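**Student:** Hey, dropping query00.cif in here, mmCIF, C-alpha atoms:
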data_target
#
loop_
_atom_site.label_atom_id
_atom_site.label_comp_id
_atom_site.auth_asym_id
_atom_site.auth_seq_id
_atom_site.Cartn_x
_atom_site.Cartn_y
_atom_site.Cartn_z
CA MET A 190 -133.16 86.25 -1.34
CA THR A 191 -130.92 84.59 1.25
CA GLY A 192 -128.96 86.37 3.93
CA LEU A 193 -125.72 85.47 2.17
CA ASP A 194 -126.90 87.05 -1.05
CA GLU A 195 -127.83 90.19 0.84
CA LEU A 196 -124.42 90.18 2.49
CA ASP A 197 -122.82 89.82 -0.94
CA ARG A 198 -124.72 92.71 -2.42
CA GLY A 199 -123.95 94.92 0.55
CA SER A 200 -120.23 94.20 0.37
CA ALA A 201 -120.16 95.05 -3.34
CA ARG A 202 -121.35 98.63 -2.77
CA PRO A 203 -118.81 101.16 -1.58
CA GLY A 204 -119.52 103.18 1.51
CA THR A 205 -122.03 100.80 3.05
CA GLY A 206 -120.32 100.86 6.45
CA ARG A 207 -117.69 99.00 8.40
CA ALA A 208 -119.84 95.88 8.80
CA THR A 209 -119.57 95.11 5.09
CA ALA A 210 -116.17 96.63 4.32
CA ASP A 211 -114.65 93.20 4.84
CA PRO A 212 -117.18 90.65 3.53
CA VAL A 213 -115.19 87.69 4.89
CA LYS A 214 -115.23 89.27 8.36
CA ALA A 215 -118.99 89.68 8.10
CA LEU A 216 -119.34 86.04 7.04
CA LEU A 217 -117.13 85.02 9.96
CA HIS A 218 -119.37 86.92 12.34
CA ARG A 219 -122.44 85.22 10.87
CA HIS A 220 -120.95 81.72 11.27
CA ARG A 221 -118.67 82.31 14.24
CA GLU A 222 -119.97 79.34 16.25
CA LEU A 223 -119.34 76.99 13.33
CA CYS A 224 -115.81 78.32 12.84
CA GLU A 225 -114.89 78.20 16.53
CA ARG A 226 -115.88 74.57 17.06
CA ALA A 227 -114.36 73.31 13.80
CA VAL A 228 -111.30 71.11 14.14
CA ASP A 229 -110.16 71.80 10.58
CA PRO A 230 -111.16 73.86 7.51
CA LEU A 231 -113.10 70.89 6.11
CA GLU A 232 -115.69 71.19 8.86
CA ILE A 233 -116.16 74.86 8.03
CA ALA A 234 -116.46 74.07 4.31
CA ALA A 235 -119.04 71.39 5.08
CA GLY A 236 -121.00 73.76 7.30
CA LEU A 237 -120.97 76.49 4.69
CA GLU A 238 -122.12 74.01 2.09
CA ALA A 239 -124.98 72.96 4.36
CA HIS A 240 -125.98 76.65 4.64
CA GLY A 241 -126.15 77.00 0.87
CA VAL A 242 -122.72 78.49 0.12
CA THR A 243 -121.47 77.28 -3.26
CA ASP A 244 -118.24 77.79 -5.17
CA ARG A 245 -119.98 80.55 -7.09
CA THR A 246 -120.84 82.27 -3.83
CA ALA A 247 -117.24 81.91 -2.66
CA ALA A 248 -116.07 83.68 -5.80
CA ARG A 249 -117.96 86.79 -4.68
CA PHE A 250 -115.76 86.74 -1.58
CA LYS A 251 -112.72 86.67 -3.89
CA HIS A 252 -112.00 82.97 -3.28
CA ARG A 253 -111.75 80.32 -5.93
CA ASP A 254 -113.97 77.84 -4.02
CA VAL A 255 -115.62 77.06 -0.69
CA PHE A 256 -112.54 75.22 0.57
CA SER A 257 -110.34 78.26 0.08
CA LEU A 258 -112.90 80.46 1.83
CA ALA A 259 -113.10 77.98 4.69
CA GLU A 260 -109.32 78.02 5.10
CA GLU A 261 -109.34 81.79 5.55
CA LEU A 262 -112.22 81.62 8.04
CA TYR A 263 -110.38 78.92 9.99
CA ALA A 264 -107.18 80.97 10.01
CA ARG A 265 -108.99 84.08 11.30
CA ILE A 266 -110.37 82.33 14.39
CA PRO A 267 -107.98 82.79 17.36
CA ARG A 268 -106.92 79.57 19.07
CA ASP A 269 -106.36 79.56 22.82
CA ASP A 270 -103.52 77.10 22.68
CA GLY A 271 -101.88 78.64 19.64
CA ILE A 272 -101.15 75.16 18.28
CA PRO A 273 -102.56 74.32 14.83
CA ARG A 274 -104.82 71.31 14.89
CA PRO A 275 -104.17 68.43 12.53
CA SER A 276 -106.45 68.23 9.55
CA ALA A 277 -108.89 65.35 9.67
CA ALA A 278 -108.83 65.37 5.88
CA THR A 279 -105.26 64.09 5.79
CA THR A 280 -104.97 62.10 9.02
CA ALA A 281 -106.85 59.00 10.06
CA PRO A 282 -106.29 56.42 12.78
CA GLY A 283 -104.74 53.20 11.63
CA PRO A 284 -106.34 49.80 12.04
CA ARG A 285 -106.69 48.69 15.66
CA ALA A 286 -106.49 45.08 16.77
CA GLY A 287 -109.77 45.44 18.65
CA TRP A 288 -111.98 46.27 15.69
CA VAL A 289 -110.09 43.87 13.42
CA VAL A 290 -111.10 41.05 15.76
CA LEU A 291 -114.66 42.35 15.97
CA THR A 292 -115.06 42.38 12.19
CA LEU A 293 -113.81 38.79 11.94
CA LEU A 294 -115.92 37.49 14.83
CA PRO A 295 -119.32 37.26 12.99
CA GLY A 296 -117.75 35.14 10.24
CA ALA A 297 -116.05 32.85 12.76
CA LEU A 298 -119.31 32.35 14.64
CA GLY A 299 -121.10 31.77 11.33
CA LEU A 300 -118.70 28.96 10.51
CA ALA A 301 -119.20 27.43 13.96
CA SER A 302 -123.00 27.67 13.67
CA THR A 303 -122.97 26.06 10.22
CA ALA A 304 -120.83 23.21 11.51
CA ALA A 305 -123.26 22.71 14.39
CA LEU A 306 -126.20 22.67 11.98
CA ARG A 307 -124.55 20.01 9.83
CA LEU A 308 -123.33 17.80 12.68
CA THR A 309 -126.20 17.86 15.19
CA HIS A 310 -129.60 16.16 15.06
CA GLY A 311 -133.00 16.47 16.64
CA GLN A 312 -133.44 18.73 19.64
CA ASN A 313 -129.71 19.35 19.90
CA ARG A 314 -129.78 20.95 16.45
CA VAL A 315 -132.48 23.38 17.53
CA TYR A 316 -130.45 24.41 20.55
CA ALA A 317 -127.25 24.71 18.53
CA VAL A 318 -128.85 26.85 15.84
CA ALA A 319 -130.58 29.11 18.36
CA LEU A 320 -127.32 29.60 20.25
CA GLY A 321 -125.44 30.29 17.00
CA VAL A 322 -127.96 32.90 15.83
CA LEU A 323 -127.82 34.64 19.20
CA ALA A 324 -124.02 34.63 19.20
CA ILE A 325 -123.81 36.06 15.67
CA ALA A 326 -126.37 38.77 16.51
CA LEU A 327 -124.42 39.79 19.62
CA ALA A 328 -121.13 39.80 17.69
CA MET A 329 -122.54 42.03 14.97
CA ARG A 330 -124.08 44.34 17.55
CA ALA A 331 -120.72 44.64 19.29
CA ALA A 332 -118.97 45.38 16.00
CA LEU A 333 -121.55 48.05 15.15
CA ARG A 334 -121.15 49.73 18.55
CA ARG A 335 -117.48 49.44 19.47
CA GLY A 336 -115.74 51.57 16.89
CA SER A 337 -115.20 49.22 13.96
CA PRO A 338 -115.32 50.86 10.49
CA LEU A 339 -118.99 49.88 10.26
CA GLY A 340 -119.72 51.07 13.77
CA THR A 341 -121.03 54.32 15.19
CA PRO A 342 -120.66 54.13 18.98
CA SER A 343 -122.76 57.25 19.50
CA ALA A 344 -125.54 56.00 17.22
CA PRO A 345 -126.06 52.24 17.29
CA PRO A 346 -128.55 50.67 14.86
CA THR A 347 -132.14 51.61 15.61
CA THR A 348 -134.65 48.93 16.51
CA GLY A 349 -136.59 49.43 13.30
CA THR A 350 -133.55 49.10 11.06
CA ALA A 351 -132.37 46.01 12.95
CA VAL A 352 -135.78 44.34 12.59
CA TRP A 353 -135.93 44.89 8.83
CA THR A 354 -132.34 43.72 8.42
CA CYS A 355 -133.07 40.54 10.38
CA TRP A 356 -136.10 39.88 8.19
CA LEU A 357 -134.06 40.24 4.99
CA ILE A 358 -131.37 37.88 6.29
CA GLY A 359 -134.00 35.44 7.53
CA TYR A 360 -135.65 35.47 4.12
CA ALA A 361 -132.30 34.63 2.52
CA LEU A 362 -132.16 31.61 4.83
CA LEU A 363 -135.76 30.37 4.55
CA GLY A 364 -137.71 32.55 2.12
CA ASP A 365 -136.96 30.92 -1.24
CA GLY A 366 -137.75 27.45 0.10
CA LEU A 367 -140.96 28.64 1.74
CA LEU A 368 -142.07 30.44 -1.43
CA HIS A 369 -141.39 27.38 -3.58
CA THR A 370 -143.28 25.01 -1.32
CA ALA A 371 -146.14 27.49 -0.89
CA ILE A 372 -146.66 27.63 -4.65
CA THR A 373 -146.72 23.82 -4.81
CA GLY A 374 -149.23 23.50 -1.98
CA GLY A 375 -147.04 23.19 1.13
CA PRO A 376 -145.43 23.41 3.51
CA ASP A 377 -146.18 20.07 5.12
CA GLY A 378 -143.43 20.21 7.73
CA PRO A 379 -140.49 22.16 9.10
CA PRO A 380 -137.61 23.22 6.87
CA THR A 381 -134.80 20.78 6.09
CA ARG A 382 -131.08 21.41 5.80
CA GLY A 383 -131.15 21.62 2.01
CA PRO A 384 -129.38 19.44 -0.58
CA GLY A 385 -127.10 17.95 2.05
CA GLY A 386 -129.88 16.98 4.46
CA PRO A 387 -132.88 14.67 4.49
CA ASP A 388 -135.58 15.02 1.90
CA GLY A 389 -138.21 17.66 2.45
CA ASP A 390 -140.29 20.21 0.57
CA TRP A 391 -139.08 23.30 2.48
CA THR A 392 -135.39 23.89 1.94
CA LEU A 393 -133.18 25.81 4.34
CA VAL A 394 -130.32 27.49 2.43
CA VAL A 395 -127.30 28.29 4.60
CA ALA A 396 -124.64 29.45 2.12
CA PRO A 397 -126.00 33.02 1.53
CA VAL A 398 -126.18 33.83 5.24
CA LEU A 399 -122.79 32.26 5.96
CA ALA A 400 -121.26 34.28 3.13
CA LEU A 401 -122.79 37.49 4.50
CA THR A 402 -121.33 36.87 7.96
CA LEU A 403 -117.91 36.14 6.45
CA ALA A 404 -118.22 39.29 4.30
CA PHE A 405 -118.65 41.47 7.38
CA ALA A 406 -114.87 41.99 7.53
CA PRO A 407 -114.46 42.93 3.82
CA GLY A 408 -117.44 45.26 4.24
CA ALA A 409 -115.75 46.98 7.17
CA TRP A 410 -112.52 47.43 5.25
CA SER A 411 -114.37 48.74 2.19
CA ALA A 412 -116.26 51.27 4.33
CA ARG A 413 -113.02 52.42 5.97
CA LEU A 414 -111.31 52.70 2.59
CA PHE A 415 -114.11 54.92 1.30
CA ALA A 416 -114.13 57.16 4.39
CA VAL A 417 -110.36 57.64 4.54
CA ARG A 418 -109.85 58.18 0.81
CA ALA A 419 -112.81 60.56 0.58
CA ARG A 420 -111.39 62.80 3.31
CA ARG A 421 -107.96 62.77 1.67
CA LYS A 422 -109.54 63.97 -1.57
CA VAL A 423 -110.31 67.27 0.10
CA ALA A 424 -106.69 68.43 -0.07
CA ALA A 425 -106.59 67.91 -3.83
CA SER A 426 -110.06 69.27 -4.60
CA ARG A 427 -110.55 72.64 -6.25
CA GLY A 428 -114.19 73.01 -5.29
CA LEU A 429 -117.34 71.24 -4.25
CA GLU A 430 -118.08 69.92 -7.73
CA ASP A 431 -114.50 68.73 -8.13
CA PHE A 432 -114.72 67.03 -4.74
CA ALA A 433 -117.97 65.28 -5.72
CA ASP A 434 -116.49 64.11 -9.02
CA SER A 435 -113.47 62.65 -7.24
CA VAL A 436 -115.46 60.91 -4.48
CA ARG A 437 -118.08 59.31 -6.72
CA PRO A 438 -115.66 56.74 -8.22
CA LEU A 439 -114.53 55.92 -4.67
CA LEU A 440 -118.11 55.10 -3.73
CA PHE A 441 -118.62 52.82 -6.72
CA GLY A 442 -115.19 51.24 -6.23
CA SER A 443 -115.80 50.50 -2.55
CA LEU A 444 -119.13 48.87 -3.38
CA ALA A 445 -117.55 46.83 -6.18
CA LEU A 446 -114.72 45.73 -3.88
CA PHE A 447 -117.21 44.51 -1.27
CA LEU A 448 -119.36 42.70 -3.86
CA CYS A 449 -116.30 40.95 -5.33
CA ALA A 450 -115.35 39.70 -1.87
CA LEU A 451 -118.93 38.64 -1.14
CA GLY A 452 -119.22 36.83 -4.48
CA ALA A 453 -116.00 34.91 -3.88
CA LEU A 454 -117.02 33.95 -0.35
CA PHE A 455 -120.47 32.82 -1.50
CA THR A 456 -118.97 30.69 -4.26
CA LEU A 457 -116.75 28.99 -1.69
CA CYS A 458 -119.61 28.47 0.78
CA ALA A 459 -122.04 27.12 -1.82
CA THR A 460 -119.40 24.73 -3.15
CA VAL A 461 -118.51 23.34 0.27
CA LEU A 462 -122.14 23.05 1.41
CA GLY A 463 -123.42 21.72 -1.92
CA GLU A 464 -126.06 24.42 -2.30
CA PRO A 465 -127.29 26.30 -5.42
CA PHE A 466 -125.20 29.16 -6.81
CA THR A 467 -127.69 32.04 -6.50
CA HIS A 468 -125.16 34.83 -6.89
CA HIS A 469 -127.66 37.38 -8.18
CA GLU A 470 -129.78 37.12 -5.03
CA VAL A 471 -126.84 37.23 -2.61
CA LEU A 472 -125.13 40.15 -4.34
CA ALA A 473 -128.37 42.16 -4.45
CA LEU A 474 -128.92 41.64 -0.71
CA GLY A 475 -125.26 42.35 0.07
CA ALA A 476 -125.30 45.60 -1.91
CA LEU A 477 -128.49 46.70 -0.14
CA LEU A 478 -127.11 46.06 3.35
CA PHE A 479 -123.71 47.61 2.58
CA LEU A 480 -125.16 50.81 1.12
CA ALA A 481 -127.67 51.11 3.97
CA ARG A 482 -124.88 50.88 6.53
CA LEU A 483 -122.59 53.23 4.61
CA LEU A 484 -125.28 55.90 4.49
CA THR A 485 -126.02 55.43 8.19
CA LEU A 486 -122.34 55.83 9.07
CA HIS A 487 -122.27 59.23 7.40
CA GLY A 488 -125.39 60.51 9.09
CA PHE A 489 -128.12 59.67 6.56
CA THR A 490 -130.39 57.31 8.48
CA HIS A 491 -133.85 58.02 7.09
CA ALA A 492 -133.47 56.66 3.55
CA PRO A 493 -131.85 53.34 4.62
CA LYS A 494 -134.58 52.73 7.18
CA VAL A 495 -137.37 53.42 4.69
CA VAL A 496 -135.81 51.37 1.88
CA LEU A 497 -135.01 48.40 4.13
CA ALA A 498 -138.57 48.46 5.44
CA ALA A 499 -139.99 48.62 1.92
CA ALA A 500 -137.85 45.68 0.78
CA ALA A 501 -138.83 43.55 3.78
CA LEU A 502 -142.52 44.35 3.37
CA ALA A 503 -142.36 43.55 -0.35
CA GLN A 504 -140.90 40.11 0.39
CA ALA A 505 -143.56 39.52 3.05
CA ALA A 506 -146.27 40.62 0.62
CA ALA A 507 -145.02 38.15 -2.00
CA LEU A 508 -145.36 35.29 0.48
CA ALA A 509 -148.70 36.56 1.74
CA THR A 510 -150.26 36.74 -1.72
CA VAL A 511 -149.35 33.11 -2.44
CA PHE A 512 -151.03 31.91 0.75
CA ALA A 513 -153.97 34.30 0.31
CA ALA A 514 -154.56 32.91 -3.19
CA ARG A 515 -155.75 29.68 -1.58
CA LEU A 516 -158.88 31.45 -0.38
CA PRO A 517 -161.97 31.06 -2.59
CA GLY A 518 -161.99 33.59 -5.40
CA CYS A 519 -158.53 34.94 -4.61
CA GLY A 520 -156.46 32.87 -7.01
CA ALA A 521 -155.47 35.91 -9.07
CA LEU A 522 -153.48 37.35 -6.16
CA ALA A 523 -150.63 34.92 -6.70
CA VAL A 524 -150.36 35.36 -10.47
CA PRO A 525 -147.56 38.03 -10.43
CA VAL A 526 -145.41 36.02 -8.01
CA GLU A 527 -146.04 32.71 -9.77
CA THR A 528 -145.21 34.30 -13.13
CA LEU A 529 -141.91 35.66 -11.80
CA VAL A 530 -140.99 32.33 -10.22
CA ALA A 531 -141.85 30.45 -13.40
CA ALA A 532 -139.81 32.81 -15.56
CA TRP A 533 -136.82 32.84 -13.20
CA ASN A 534 -136.89 30.83 -9.95
CA PRO A 535 -138.02 31.42 -6.35
CA GLY A 536 -134.93 33.58 -5.85
CA GLY A 537 -136.19 35.99 -8.49
CA VAL A 538 -138.49 37.66 -5.96
CA ALA A 539 -135.67 38.47 -3.54
CA THR A 540 -133.37 39.50 -6.40
CA LEU A 541 -135.92 41.90 -7.85
CA VAL A 542 -136.85 43.39 -4.46
CA CYS A 543 -133.32 43.73 -3.07
CA GLY A 544 -131.85 44.80 -6.39
CA THR A 545 -134.39 47.60 -6.78
CA ALA A 546 -133.85 48.70 -3.19
CA ALA A 547 -130.06 48.64 -3.60
CA LEU A 548 -130.26 50.69 -6.80
CA THR A 549 -132.43 53.24 -5.00
CA LEU A 550 -129.88 53.58 -2.19
CA LEU A 551 -126.99 53.75 -4.66
CA ILE A 552 -128.60 56.70 -6.45
CA HIS A 553 -129.24 58.35 -3.10
CA ALA A 554 -125.66 57.68 -1.95
CA ALA A 555 -124.21 59.08 -5.15
CA ARG A 556 -126.01 62.33 -4.35
CA THR A 557 -125.42 62.55 -0.60
CA LEU A 558 -122.08 60.86 0.08
CA THR A 559 -120.34 63.07 -2.48
CA ARG A 560 -120.98 66.18 -0.37
CA ALA A 561 -118.19 67.58 1.76
CA SER A 562 -120.61 67.79 4.67
CA ALA A 563 -120.98 63.99 4.64
CA HIS A 564 -117.30 63.57 5.53
CA ALA A 565 -116.70 66.45 7.91
CA ARG A 566 -117.31 64.75 11.26
CA PRO A 567 -117.54 60.97 10.98
CA GLU A 568 -117.75 60.65 14.74
CA ALA A 569 -120.92 62.74 14.95
CA PRO A 570 -124.23 61.09 15.75
CA SER A 571 -126.27 60.02 12.79
CA GLN A 572 -128.98 62.36 11.66
CA GLY A 573 -131.86 62.16 9.27
CA ASP A 574 -131.52 62.87 5.60
CA PRO A 575 -131.94 66.46 4.54
CA ALA A 576 -135.13 67.32 2.82
#
Do you think you could lay out the structure here as structure tokens?
**Tutor:**
Amino acid sequence: MTGLDELDRGSARPGTGRATADPVKALLHRHRELCERAVDPLEIAAGLEAHGVTDRTAARFKHRDVFSLAEELYARIPRDDGIPRPSAATTAPGPRAGWVVLTLLPGALGLASTAALRLTHGQNRVYAVALGVLAIALAMRAALRRGSPLGTPSAPPTTGTAVWTCWLIGYALLGDGLLHTAITGGPDGPPTRGPGGPDGDWTLVVAPVLALTLAFAPGAWSARLFAVRARRKVAASRGLEDFADSVRPLLFGSLALFLCALGALFTLCATVLGEPFTHHEVLALGALLFLARLLTLHGFTHAPKVVLAAAALAQAAALATVFAARLPGCGALAVPVETLVAAWNPGGVATLVCGTAALTLLIHAARTLTRASAHARPEAPSQGDPA
């Protein structure tokens, strides 16, 4: 039996003493630190939810839901300044020119790097591509640290997450071509530019990565839309379940909005560059990266890190089995990958891996990002997922 249940039972019996004569006062005493540091009732509601208080528990304190109980607890805490603080559930800072520029910068650098790749030759191309990759990486790091909607200044991306993300993006650039040529006995040389470049057996596909850099801005706006609208839903919610039911469509809608923008940008990039239209692969990777970042922004860092690592290792294992099958007596290792490629295409491996990973994170997000506690303090440092 929890302490709250014991408190409930004590307050229901007459003559149990002054400590339980006012059950809300006793609850306030138990969670005084939480109530004193809260900037609005939402933070108290989120904290109570994290401590196991449900709408049914709130009813025993003669409140219709946890939000109503939190409002009374917030009102009972004396404020030194005597000035009511604005509710974070109904106020949000507007777009700032700084983070608008930061969200557009990766796409602009992606366009410049693609132009350099198409226009340069020989050693100059190597230098241009290396410089472009470095510039894009620094731009994304700045956007993820300097307060953009996808950024958490107090908790920048961890090294592990960044490594797995770089692998997944690198695979989108080189992986399908390497897998195809590995199955046919190659590679016999470095990758080529793809359909628009000289002939070669290892194709470098630029359109997916360019589309992802351009989609950084729509992703930032979609994440901000979800965060702002979710916090505004608090005022209209009648309880934790009602809040979850109202936030869940926002989550799916934000993801759909981002994927629509990504799909349109990829179509444009593939058309201009003359590359294959592998929408299924690009959308699966985009959904995975967007959901991983959205969860991280709201404090759930463990699941994205594990799922990104699993996806990257699965792609690496697919490549490794094809090369390992060349060893004597190991031909059977490549059968699953070769069967998938024959039934679909080399992009089927990345689609299956990233799609499964994205679905896993979507299910996890639908459970965690619909909690009030996920939206209480967006500026707080990221923490691990609850058990």
**Student:** Go through stretch 464-526 of chain A residue by residue and, counting all atoms listed in the file, keep those with an atom at most 12 Å from stretch 316-336 of chain A; for each kept residue give the shortest atom pair and its distance in Å to one decimal, ordered by chain and increasing number, as a tab-separated table.
**Tutor:**
residue	atom	partner	partner_atom	distance
A:Arg482	CA	A:Leu333	CA	9.7
A:Leu483	CA	A:Leu333	CA	11.8
A:Thr485	CA	A:Leu333	CA	11.1
A:Leu486	CA	A:Leu333	CA	9.9
**Student:** Identify, on the basis of all atoms listed in the file, every residue whose closest approach to A:Gly536 does not exceed 10 Å; exclude the query and any residue fewer than 3 positions from it along the same chain; express the result as a PDB file with C-alpha atoms, keeping the file's coordinate frame.
**Tutor:**
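Written output follows (selection-v3.pdb):
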ATOM      1  CA  ALA A 361    -132.300  34.630   2.520  1.00  0.00           C
ATOM      2  CA  GLY A 364    -137.710  32.550   2.120  1.00  0.00           C
ATOM      3  CA  ASP A 365    -136.960  30.920  -1.240  1.00  0.00           C
ATOM      4  CA  GLY A 366    -137.750  27.450   0.100  1.00  0.00           C
ATOM      5  CA  LEU A 368    -142.070  30.440  -1.430  1.00  0.00           C
ATOM      6  CA  HIS A 369    -141.390  27.380  -3.580  1.00  0.00           C
ATOM      7  CA  THR A 467    -127.690  32.040  -6.500  1.00  0.00           C
ATOM      8  CA  HIS A 468    -125.160  34.830  -6.890  1.00  0.00           C
ATOM      9  CA  HIS A 469    -127.660  37.380  -8.180  1.00  0.00           C
ATOM     10  CA  GLU A 470    -129.780  37.120  -5.030  1.00  0.00           C
ATOM     11  CA  VAL A 471    -126.840  37.230  -2.610  1.00  0.00           C
ATOM     12  CA  LEU A 529    -141.910  35.660 -11.800  1.00  0.00           C
ATOM     13  CA  VAL A 530    -140.990  32.330 -10.220  1.00  0.00           C
ATOM     14  CA  TRP A 533    -136.820  32.840 -13.200  1.00  0.00           C
ATOM     15  CA  ALA A 539    -135.670  38.470  -3.540  1.00  0.00           C
ATOM     16  CA  THR A 540    -133.370  39.500  -6.400  1.00  0.00           C
ATOM     17  CA  LEU A 541    -135.920  41.900  -7.850  1.00  0.00           C
TER      18      LEU A 541
END
**Student:** What residues come out when you apply the PyMOL selection byres ((chain A and resi 448) around 10) to this file, written as an NGL selection string?
**Tutor:** :A and (404 or 407-408 or 411 or 442-447 or 449-454 or 471-473 or 475-476 or 479)
**Student:** Rounded to one decimal, what separation in Å do you get between atom CA of A:Pro465 and atom CA of A:Pro397?
**Tutor:**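 Between atom CA of A:Pro465 and atom CA of A:Pro397 the gap works out to 9.8 Å.
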**Student:** Tell me, as an mmCIF file with C-alpha atoms, in the frame of the given file, which residues lie within 10 Å of A:Ala416, counting all atoms listed in the file; anything in the same chain fewer than 3 positions away does not count.
**Tutor:**
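As written to disk, part00.cif reads:
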data_model
loop_
_atom_site.group_PDB
_atom_site.id
_atom_site.type_symbol
_atom_site.label_atom_id
_atom_site.label_comp_id
_atom_site.auth_asym_id
_atom_site.auth_seq_id
_atom_site.Cartn_x
_atom_site.Cartn_y
_atom_site.Cartn_z
ATOM 1 C CA ALA A 278 -108.830 65.370 5.880
ATOM 2 C CA ALA A 281 -106.850 59.000 10.060
ATOM 3 C CA PRO A 338 -115.320 50.860 10.490
ATOM 4 C CA TRP A 410 -112.520 47.430 5.250
ATOM 5 C CA SER A 411 -114.370 48.740 2.190
ATOM 6 C CA ALA A 412 -116.260 51.270 4.330
ATOM 7 C CA ARG A 413 -113.020 52.420 5.970
ATOM 8 C CA ALA A 419 -112.810 60.560 0.580
ATOM 9 C CA ARG A 420 -111.390 62.800 3.310
ATOM 10 C CA ARG A 421 -107.960 62.770 1.670
ATOM 11 C CA VAL A 436 -115.460 60.910 -4.480
ATOM 12 C CA LEU A 439 -114.530 55.920 -4.670
ATOM 13 C CA LEU A 440 -118.110 55.100 -3.730
ATOM 14 C CA SER A 443 -115.800 50.500 -2.550
ATOM 15 C CA LEU A 483 -122.590 53.230 4.610
ATOM 16 C CA LEU A 486 -122.340 55.830 9.070
ATOM 17 C CA HIS A 487 -122.270 59.230 7.400
ATOM 18 C CA LEU A 558 -122.080 60.860 0.080
ATOM 19 C CA ALA A 563 -120.980 63.990 4.640
ATOM 20 C CA HIS A 564 -117.300 63.570 5.530
ATOM 21 C CA PRO A 567 -117.540 60.970 10.980
#
**Student:** Produce stretch 505-521 of chain A of the given structure as output with N, CA and C atoms, as a compact mmCIF listing (two decimals), in the first residue's frame.
**Tutor:**
# COMPACT_ATOMS: atom_id res chain seq x y z
N ALA A 505 24.48 -2.54 -40.33
CA ALA A 505 25.86 -3.02 -40.41
C ALA A 505 25.91 -4.54 -40.53
N ALA A 506 25.03 -5.22 -39.79
CA ALA A 506 25.02 -6.68 -39.85
C ALA A 506 24.60 -7.18 -41.22
N ALA A 507 23.67 -6.47 -41.87
CA ALA A 507 23.24 -6.87 -43.22
C ALA A 507 24.41 -6.81 -44.19
N LEU A 508 25.19 -5.72 -44.11
CA LEU A 508 26.37 -5.61 -44.97
C LEU A 508 27.41 -6.68 -44.61
N ALA A 509 27.61 -6.89 -43.33
CA ALA A 509 28.63 -7.83 -42.89
C ALA A 509 28.32 -9.26 -43.33
N THR A 510 27.06 -9.65 -43.29
CA THR A 510 26.72 -11.02 -43.68
C THR A 510 26.98 -11.26 -45.17
N VAL A 511 26.77 -10.23 -45.99
CA VAL A 511 27.02 -10.39 -47.43
C VAL A 511 28.50 -10.59 -47.69
N PHE A 512 29.35 -9.81 -47.03
CA PHE A 512 30.79 -9.98 -47.21
C PHE A 512 31.28 -11.28 -46.56
N ALA A 513 30.71 -11.64 -45.40
CA ALA A 513 31.13 -12.87 -44.72
C ALA A 513 30.74 -14.10 -45.52
N ALA A 514 29.69 -14.00 -46.34
CA ALA A 514 29.25 -15.15 -47.14
C ALA A 514 30.28 -15.54 -48.18
N ARG A 515 31.26 -14.70 -48.45
CA ARG A 515 32.30 -15.04 -49.42
C ARG A 515 33.32 -16.02 -48.85
N LEU A 516 33.31 -16.18 -47.54
CA LEU A 516 34.22 -17.15 -46.92
C LEU A 516 33.75 -18.57 -47.22
N PRO A 517 34.67 -19.52 -47.30
CA PRO A 517 34.28 -20.91 -47.60
C PRO A 517 33.29 -21.45 -46.57
N GLY A 518 32.21 -22.01 -47.06
CA GLY A 518 31.20 -22.62 -46.21
C GLY A 518 30.27 -21.66 -45.52
N CYS A 519 30.35 -20.38 -45.85
CA CYS A 519 29.50 -19.38 -45.18
C CYS A 519 28.48 -18.76 -46.11
N GLY A 520 28.23 -19.37 -47.24
CA GLY A 520 27.32 -18.80 -48.21
C GLY A 520 25.91 -18.58 -47.70
N ALA A 521 25.48 -19.41 -46.75
CA ALA A 521 24.11 -19.29 -46.24
C ALA A 521 23.89 -18.02 -45.45
